[in-house]
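**Q** Quick one: the structure is below, questions incoming.
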Amino acid sequence: MPRESPVRRLYVRARRAWDRPLTAYYLIFGAALLITALGLVMVYSASMIQALQLNLPASYFFRKQFVAAVLGSTLLLVAMRMPVKLHRALSYPILAGSVFLMVLVQIPGIGRSVNGNQNWIYLGGPFQLQPSEFGKLALVLWGADLLARKQDKRLLTQWKHMLVPLVPVTFMLLGLIMLGGDMGTAIILTAILFGLLWLAGAPTRLFAGVLSIAALLGVILIKTSPNRMARLECIGATEPGPGDSCWQAVHGIYALASGGFFGSGLGASVEKWGQLPEPHTDFIFAITGEELGLAGTLSVLALFAALGYAGIRVAGRTEDPFVRYAAGGVTTWITAQAVVNIGAVLGLLPIAGVPLPLFSYGGSALLPTMFAVGLLIAFARQDPAAKAALAMRQPRVRWNTMRRRVKARSSGER
């Protein structure tokens, strides 16, 4: 009998490990934890110079991000322990709360403008809230619950039930976001909408129709904004251009190029000394490439790939329609946002102003994203095979009463 090759044995072992019931559970939990931990390190490294330039302590932005990570971890643990029924029950309150806060943003004196976008609410002290970030979570939960209920009633075969009220409500959220000028967040919400329609089995003609309308609106919004047109023209730029219109895009490429294979060392970035705008938010991936090199950036990409694969696996293996739609929506949200952010840093996409999920500075983005990761973990635990595997690993303690320990006495003893 021919001997099996080492490569074949390694492949078989990897395939068995990949097919284990708890693979998705560990991938989601481990990848999210590592991305968040590495993100905290890079936020501290990328933000210290900007903090000092603002006459603040070097750890100012890191401390705020650390507090947000602790709060987000609490939300993650709560979400992963909540039953699916409670997640569904929370979908409408979260949607109503998000819409209410996004309306408040547009009221003068309550809403605040940051970098030209009117999408913030001042909470007091150094804290601000961006309600549109919670709109992503609201759309995922509410859309998943809506489509699941319609699927149970076998209504998704009719195009009007597939589109209404999912598409009108999404357009309402997009309108509130675009009133503040935040097209980056609007792109992510559009991606979530398409992800939900794809999972619901929208026919090609219907999918293409919605996509065409969204593309037409996107072209109009870009053409009517000189700022967005300038960002579009900076795709693939290698020079800052007239008036330094492509300064940020070009210096992001400079940061990545100077990192080499293993980087210049943690904390040794040159671009963060005032050359690269937003080094700890939108362009933190560029600073990661400069300080940790190609090895560091590929590690971040591998972690996001693992998280995306695990989310797809959870959505594909469940029989619960709500879990399938919600897991697919969360996976679409995180992967689409990562692609838009990293694509902008690499000069392959226009700069949309969206943070790298779990990695960039920003508590408003981190909190709902960690809650969404908790959702994925909860769904991974709901799989029957995963439940059985987790039950086998829990220690079983037998509590014996004194009555069972003591020998039975005769009726005459006292």
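Naming works like this for the structure tokens: A, B, ... for the chains as they're shown, residue 1 at the start of each chain, ligands 1 onward in shown order.
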Residues at most 8 Å from Val373 of chain A, counting only C-alpha atoms, excluding those fewer than 4 positions away in the same chain, as a PDB file with all heavy atoms, in the first residue's frame?

**A**
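Written out: part26.pdb:
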ATOM      1  N   ILE A  28     -14.261  33.673  14.847  1.00  0.00           N
ATOM      2  CA  ILE A  28     -14.867  34.990  15.080  1.00  0.00           C
ATOM      3  C   ILE A  28     -14.318  35.617  16.340  1.00  0.00           C
ATOM      4  O   ILE A  28     -13.892  36.786  16.351  1.00  0.00           O
ATOM      5  CB  ILE A  28     -16.399  34.855  15.163  1.00  0.00           C
ATOM      6  CG1 ILE A  28     -16.965  34.379  13.832  1.00  0.00           C
ATOM      7  CG2 ILE A  28     -17.036  36.189  15.542  1.00  0.00           C
ATOM      8  CD1 ILE A  28     -18.422  33.962  13.897  1.00  0.00           C
ATOM      9  N   PHE A  29     -14.312  34.850  17.417  1.00  0.00           N
ATOM     10  CA  PHE A  29     -13.852  35.382  18.696  1.00  0.00           C
ATOM     11  C   PHE A  29     -12.368  35.757  18.643  1.00  0.00           C
ATOM     12  O   PHE A  29     -11.970  36.851  19.058  1.00  0.00           O
ATOM     13  CB  PHE A  29     -14.091  34.352  19.811  1.00  0.00           C
ATOM     14  CG  PHE A  29     -13.998  34.918  21.190  1.00  0.00           C
ATOM     15  CD1 PHE A  29     -15.106  35.491  21.801  1.00  0.00           C
ATOM     16  CD2 PHE A  29     -12.798  34.897  21.893  1.00  0.00           C
ATOM     17  CE1 PHE A  29     -15.022  36.021  23.080  1.00  0.00           C
ATOM     18  CE2 PHE A  29     -12.701  35.425  23.163  1.00  0.00           C
ATOM     19  CZ  PHE A  29     -13.816  35.989  23.758  1.00  0.00           C
ATOM     20  N   ALA A  32     -11.616  38.767  16.002  1.00  0.00           N
ATOM     21  CA  ALA A  32     -12.083  40.059  16.514  1.00  0.00           C
ATOM     22  C   ALA A  32     -11.206  40.535  17.667  1.00  0.00           C
ATOM     23  O   ALA A  32     -10.874  41.733  17.758  1.00  0.00           O
ATOM     24  CB  ALA A  32     -13.538  39.946  16.968  1.00  0.00           C
ATOM     25  N   LEU A  76     -20.178  43.057  23.619  1.00  0.00           N
ATOM     26  CA  LEU A  76     -19.938  41.794  22.923  1.00  0.00           C
ATOM     27  C   LEU A  76     -20.350  40.611  23.791  1.00  0.00           C
ATOM     28  O   LEU A  76     -21.031  39.686  23.322  1.00  0.00           O
ATOM     29  CB  LEU A  76     -18.461  41.693  22.531  1.00  0.00           C
ATOM     30  CG  LEU A  76     -18.023  40.488  21.695  1.00  0.00           C
ATOM     31  CD1 LEU A  76     -16.854  40.872  20.792  1.00  0.00           C
ATOM     32  CD2 LEU A  76     -17.596  39.305  22.568  1.00  0.00           C
ATOM     33  N   VAL A 330     -24.195  41.287   8.978  1.00  0.00           N
ATOM     34  CA  VAL A 330     -23.026  41.708   9.757  1.00  0.00           C
ATOM     35  C   VAL A 330     -21.742  41.443   8.975  1.00  0.00           C
ATOM     36  O   VAL A 330     -20.831  42.287   8.937  1.00  0.00           O
ATOM     37  CB  VAL A 330     -22.993  40.984  11.118  1.00  0.00           C
ATOM     38  CG1 VAL A 330     -21.663  41.233  11.821  1.00  0.00           C
ATOM     39  CG2 VAL A 330     -24.149  41.452  11.998  1.00  0.00           C
ATOM     40  N   THR A 369     -19.972  47.862  16.299  1.00  0.00           N
ATOM     41  CA  THR A 369     -19.279  46.773  15.602  1.00  0.00           C
ATOM     42  C   THR A 369     -18.997  45.613  16.543  1.00  0.00           C
ATOM     43  O   THR A 369     -19.160  44.445  16.173  1.00  0.00           O
ATOM     44  CB  THR A 369     -17.969  47.279  14.977  1.00  0.00           C
ATOM     45  OG1 THR A 369     -18.225  48.426  14.166  1.00  0.00           O
ATOM     46  CG2 THR A 369     -17.328  46.206  14.121  1.00  0.00           C
ATOM     47  N   ILE A 377     -20.986  35.634  17.240  1.00  0.00           N
ATOM     48  CA  ILE A 377     -20.577  34.600  18.196  1.00  0.00           C
ATOM     49  C   ILE A 377     -21.798  33.875  18.753  1.00  0.00           C
ATOM     50  O   ILE A 377     -21.810  32.644  18.887  1.00  0.00           O
ATOM     51  CB  ILE A 377     -19.736  35.216  19.326  1.00  0.00           C
ATOM     52  CG1 ILE A 377     -18.436  35.795  18.766  1.00  0.00           C
ATOM     53  CG2 ILE A 377     -19.431  34.180  20.403  1.00  0.00           C
ATOM     54  CD1 ILE A 377     -17.616  36.558  19.780  1.00  0.00           C
TER      55      ILE A 377
END

**Q** With a cut-off of 10 Å, could you pull out the residues of segment 324-347 of chain A touching segment 250-258 of chain A and give me the nearest pair of atoms for each, distance in Å to one decimal, using only C-alpha atoms, ordered by chain and ascending number, as JSON lines?

**A**
{"residue": "A:Ala344", "atom": "CA", "partner": "A:Gly252", "partner_atom": "CA", "distance": 9.0}
{"residue": "A:Val345", "atom": "CA", "partner": "A:Gly252", "partner_atom": "CA", "distance": 5.8}
{"residue": "A:Leu346", "atom": "CA", "partner": "A:Ile253", "partner_atom": "CA", "distance": 6.4}
{"residue": "A:Gly347", "atom": "CA", "partner": "A:Ile253", "partner_atom": "CA", "distance": 7.2}

**Q** Take the residues from that selection and put them in a file with all heavy atoms, as an mmCIF file, in the first residue's frame.

**A**
data_model
loop_
_atom_site.group_PDB
_atom_site.id
_atom_site.type_symbol
_atom_site.label_atom_id
_atom_site.label_comp_id
_atom_site.auth_asym_id
_atom_site.auth_seq_id
_atom_site.Cartn_x
_atom_site.Cartn_y
_atom_site.Cartn_z
ATOM 1 N N ALA A 344 -9.104 52.491 -0.243
ATOM 2 C CA ALA A 344 -8.763 53.916 -0.307
ATOM 3 C C ALA A 344 -7.305 54.149 0.059
ATOM 4 O O ALA A 344 -6.612 54.961 -0.571
ATOM 5 C CB ALA A 344 -9.675 54.708 0.626
ATOM 6 N N VAL A 345 -6.811 53.440 1.072
ATOM 7 C CA VAL A 345 -5.407 53.595 1.482
ATOM 8 C C VAL A 345 -4.468 53.123 0.374
ATOM 9 O O VAL A 345 -3.415 53.730 0.132
ATOM 10 C CB VAL A 345 -5.150 52.821 2.788
ATOM 11 C CG1 VAL A 345 -3.663 52.843 3.149
ATOM 12 C CG2 VAL A 345 -5.967 53.418 3.930
ATOM 13 N N LEU A 346 -4.857 52.053 -0.326
ATOM 14 C CA LEU A 346 -4.024 51.529 -1.408
ATOM 15 C C LEU A 346 -4.149 52.335 -2.694
ATOM 16 O O LEU A 346 -3.442 52.050 -3.674
ATOM 17 C CB LEU A 346 -4.402 50.071 -1.687
ATOM 18 C CG LEU A 346 -4.128 49.068 -0.556
ATOM 19 C CD1 LEU A 346 -4.647 47.694 -0.936
ATOM 20 C CD2 LEU A 346 -2.647 48.998 -0.239
ATOM 21 N N GLY A 347 -5.047 53.309 -2.732
ATOM 22 C CA GLY A 347 -5.224 54.122 -3.923
ATOM 23 C C GLY A 347 -6.068 53.459 -4.990
ATOM 24 O O GLY A 347 -6.072 53.898 -6.136
#

**Q** Closest to Ile284 of chain A among A:Ser98, A:Thr331, A:Gln151, A:Ser269, using only C-alpha atoms?

**A** A:Ser269

**Q** Neighbours of segment 187-195 of chain A within 10 Å (only C-alpha atoms; same-chain residues fewer than 4 positions away dropped), as a PyMOL selection string?

**A** chain A and resi 132-133+135-137+139-140+143+166-167+170-171+173-174+177+182-183+199-200+202+207+210-211+214+218+325+328-338+340+352+354

**Q** Where in segment 137-182 of chain A does DSSP assign helix (DSSP H, G or I), given as a PyMOL selection string?

**A** chain A and resi 137-152+159-163+166-179

**Q** What's the separation between atom CA of Leu22 of chain A and atom CA of Leu356 of chain A, in Å to one decimal place?

**A**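 Separation between atom CA of Leu22 of chain A and atom CA of Leu356 of chain A: 26.7 Å.
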
**Q** At a cut-off of 8 Å, using only C-alpha atoms, what residues contact segment 382-391 of chain A? Leave out same-chain residues fewer than 4 positions from it and give the result as a PyMOL selection string.

**A** chain A and resi 21-22+317-318+378

**Q** Counting only C-alpha atoms, figure out which residue out of A:Pro368, A:Gly289, A:Pro242, A:Pro279 gets nearest to Gly265 of chain A.

**A** A:Gly289

**Q** Mind checking which residues fall within 10 Å of Lys64 of chain A, counting only C-alpha atoms, ignoring those fewer than 5 positions away in the same chain, and posting them as a PyMOL selection string?

**A** chain A and resi 59+69+126-127+361-363

**Q** Could you give me, as a PyMOL selection string, the residues within 8 Å of Ala365 of chain A, counting only C-alpha atoms and dropping anything in the same chain fewer than 6 positions from it?

**A** chain A and resi 130+133-134+355+357-358

**Q** Convert the current residue selection to file output with N, CA, C and O atoms, as a compact mmCIF listing (two decimals), in the first residue's frame.

**A**
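Output file out.txt follows:
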# COMPACT_ATOMS: atom_id res chain seq x y z
N GLN A 130 -21.69 59.45 17.03
CA GLN A 130 -22.08 59.46 15.62
C GLN A 130 -23.21 58.45 15.43
O GLN A 130 -22.98 57.25 15.28
N GLU A 133 -23.45 55.41 12.80
CA GLU A 133 -22.77 54.13 13.01
C GLU A 133 -23.74 53.10 13.60
O GLU A 133 -23.66 51.91 13.28
N PHE A 134 -24.64 53.55 14.46
CA PHE A 134 -25.62 52.64 15.03
C PHE A 134 -26.72 52.32 14.02
O PHE A 134 -27.44 51.34 14.18
N PRO A 355 -13.92 54.32 8.85
CA PRO A 355 -12.83 53.72 9.62
C PRO A 355 -12.68 52.24 9.31
O PRO A 355 -13.60 51.60 8.78
N PRO A 357 -12.90 48.68 10.51
CA PRO A 357 -13.69 48.11 11.62
C PRO A 357 -12.81 47.48 12.69
O PRO A 357 -11.85 46.75 12.38
N LEU A 358 -13.12 47.78 13.95
CA LEU A 358 -12.44 47.23 15.13
C LEU A 358 -11.00 47.71 15.27
O LEU A 358 -10.33 47.40 16.26

**Q** Do you have the atom CA of Val103 of chain A-atom CA of Leu129 of chain A distance handy?

**A**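 A separation of 13.2 Å between them.
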
**Q** Pick the closest to Phe66 of chain A from A:Ala306, A:Leu349, A:Leu38, A:Val323: which is it, counting only C-alpha atoms?

**A** A:Leu38

**Q** Tell me which of A:Pro321, A:Gly72, A:Gly180, A:Gly30 sits closest to Ser113 of chain A, counting only C-alpha atoms.

**A**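 Closest to Ser113 of chain A, using only C-alpha atoms: A:Gly180.
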
**Q** Could you pull out the strand (DSSP E or B) residues of segment 81-231 of chain A from DSSP and send them as a short mmCIF file (atom, residue, chain, number, x, y, z; two decimals) with all heavy atoms, in the first residue's frame?

**A**
data_model
loop_
_atom_site.label_atom_id
_atom_site.label_comp_id
_atom_site.auth_asym_id
_atom_site.auth_seq_id
_atom_site.Cartn_x
_atom_site.Cartn_y
_atom_site.Cartn_z
N GLY A 111 -26.63 69.03 16.78
CA GLY A 111 -25.68 68.35 15.92
C GLY A 111 -24.39 69.14 15.77
O GLY A 111 -24.37 70.37 15.88
N ARG A 112 -23.31 68.41 15.53
CA ARG A 112 -21.99 69.02 15.35
C ARG A 112 -21.40 68.59 14.03
O ARG A 112 -21.63 67.48 13.56
CB ARG A 112 -21.05 68.62 16.49
CG ARG A 112 -21.21 69.47 17.74
CD ARG A 112 -19.98 69.35 18.61
NE ARG A 112 -19.97 70.32 19.68
CZ ARG A 112 -18.93 70.54 20.47
NH1 ARG A 112 -17.81 69.86 20.30
NH2 ARG A 112 -18.99 71.44 21.44
N SER A 113 -20.60 69.48 13.45
CA SER A 113 -19.94 69.20 12.19
C SER A 113 -18.47 68.87 12.45
O SER A 113 -17.78 69.61 13.15
CB SER A 113 -20.05 70.40 11.25
OG SER A 113 -19.35 70.15 10.04
N VAL A 114 -18.00 67.75 11.90
CA VAL A 114 -16.60 67.34 12.02
C VAL A 114 -16.10 67.03 10.61
O VAL A 114 -16.68 66.18 9.91
CB VAL A 114 -16.44 66.09 12.93
CG1 VAL A 114 -14.99 65.64 12.96
CG2 VAL A 114 -16.94 66.41 14.34
N ASN A 117 -18.72 67.14 7.86
CA ASN A 117 -19.89 66.26 7.93
C ASN A 117 -20.68 66.55 9.19
O ASN A 117 -20.14 66.52 10.30
CB ASN A 117 -19.46 64.79 7.93
CG ASN A 117 -18.87 64.36 6.60
OD1 ASN A 117 -19.15 64.97 5.57
ND2 ASN A 117 -18.06 63.32 6.63
N GLN A 118 -21.98 66.83 9.03
CA GLN A 118 -22.87 67.10 10.16
C GLN A 118 -23.48 65.78 10.61
O GLN A 118 -24.62 65.45 10.31
CB GLN A 118 -23.97 68.08 9.72
CG GLN A 118 -24.95 68.48 10.81
CD GLN A 118 -24.44 69.62 11.68
OE1 GLN A 118 -23.42 70.22 11.36
NE2 GLN A 118 -25.13 69.90 12.76
N ASN A 119 -22.70 65.00 11.35
CA ASN A 119 -23.16 63.66 11.75
C ASN A 119 -22.83 63.34 13.20
O ASN A 119 -22.77 62.15 13.57
CB ASN A 119 -22.52 62.59 10.85
CG ASN A 119 -23.23 62.49 9.52
OD1 ASN A 119 -24.44 62.37 9.45
ND2 ASN A 119 -22.47 62.56 8.44
N TRP A 120 -22.65 64.34 14.04
CA TRP A 120 -22.20 64.09 15.40
C TRP A 120 -23.11 64.79 16.41
O TRP A 120 -23.68 65.84 16.13
CB TRP A 120 -20.76 64.59 15.60
CG TRP A 120 -19.77 63.87 14.74
CD1 TRP A 120 -19.46 64.14 13.44
CD2 TRP A 120 -18.98 62.75 15.11
NE1 TRP A 120 -18.52 63.28 12.98
CE2 TRP A 120 -18.20 62.40 13.98
CE3 TRP A 120 -18.82 62.01 16.28
CZ2 TRP A 120 -17.29 61.35 13.99
CZ3 TRP A 120 -17.93 60.96 16.30
CH2 TRP A 120 -17.17 60.63 15.17
N ILE A 121 -23.20 64.19 17.59
CA ILE A 121 -23.91 64.78 18.73
C ILE A 121 -22.92 64.90 19.88
O ILE A 121 -22.22 63.95 20.23
CB ILE A 121 -25.11 63.92 19.17
CG1 ILE A 121 -26.18 63.90 18.07
CG2 ILE A 121 -25.73 64.44 20.46
CD1 ILE A 121 -27.37 63.02 18.40
N TYR A 122 -22.85 66.09 20.47
CA TYR A 122 -21.94 66.34 21.58
C TYR A 122 -22.52 65.78 22.87
O TYR A 122 -23.66 66.07 23.23
CB TYR A 122 -21.67 67.84 21.71
CG TYR A 122 -20.76 68.21 22.84
CD1 TYR A 122 -19.43 67.79 22.85
CD2 TYR A 122 -21.22 69.00 23.89
CE1 TYR A 122 -18.58 68.13 23.89
CE2 TYR A 122 -20.37 69.35 24.94
CZ TYR A 122 -19.06 68.91 24.94
OH TYR A 122 -18.22 69.24 25.97
N LEU A 123 -21.74 64.96 23.57
CA LEU A 123 -22.21 64.32 24.81
C LEU A 123 -21.65 64.96 26.06
O LEU A 123 -22.04 64.60 27.17
CB LEU A 123 -21.82 62.83 24.80
CG LEU A 123 -22.41 61.97 23.68
CD1 LEU A 123 -21.92 60.55 23.80
CD2 LEU A 123 -23.94 62.02 23.71
N GLY A 124 -20.75 65.90 25.93
CA GLY A 124 -20.13 66.52 27.09
C GLY A 124 -18.69 66.06 27.25
O GLY A 124 -18.36 64.89 27.01
N PHE A 127 -16.32 63.69 24.69
CA PHE A 127 -17.06 62.61 24.05
C PHE A 127 -18.10 63.13 23.07
O PHE A 127 -18.84 64.08 23.36
CB PHE A 127 -17.72 61.72 25.10
CG PHE A 127 -16.75 61.06 26.02
CD1 PHE A 127 -16.57 61.53 27.31
CD2 PHE A 127 -16.00 59.97 25.61
CE1 PHE A 127 -15.67 60.93 28.17
CE2 PHE A 127 -15.10 59.36 26.45
CZ PHE A 127 -14.92 59.85 27.75
N GLN A 128 -18.15 62.47 21.90
CA GLN A 128 -19.15 62.74 20.87
C GLN A 128 -19.71 61.42 20.39
O GLN A 128 -19.10 60.36 20.56
CB GLN A 128 -18.53 63.51 19.70
CG GLN A 128 -17.96 64.86 20.07
CD GLN A 128 -17.40 65.58 18.87
OE1 GLN A 128 -17.90 66.59 18.44
NE2 GLN A 128 -16.33 65.06 18.31
N LEU A 129 -20.89 61.49 19.77
CA LEU A 129 -21.56 60.28 19.29
C LEU A 129 -21.94 60.47 17.83
O LEU A 129 -22.43 61.53 17.44
CB LEU A 129 -22.82 60.01 20.13
CG LEU A 129 -23.65 58.78 19.73
CD1 LEU A 129 -22.89 57.50 20.05
CD2 LEU A 129 -25.00 58.80 20.45
#

**Q** Using only C-alpha atoms, find the one residue out of A:Ile222, A:Leu366, A:Ala51, A:Leu276 that sits nearest to Cys246 of chain A.

**A**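 Ranking A:Ile222, A:Leu366, A:Ala51, A:Leu276 by distance to Cys246 of chain A, first place goes to A:Leu276.
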
**Q** Could you name the residues that touch Ala24 of chain A at 7 Å or less, counting only C-alpha atoms, but leaving out those on the same chain fewer than 5 positions away, as an MDAnalysis selection string?

**A** chainID A and resid 310 313:314 380

**Q** Have a look at A:Pro57, A:Leu266, A:Ala148, A:Gly175 and name the one nearest to Glu319 of chain A; count only C-alpha atoms.

**A**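 Checking each candidate against Glu319 of chain A, we get A:Ala148 as the closest.
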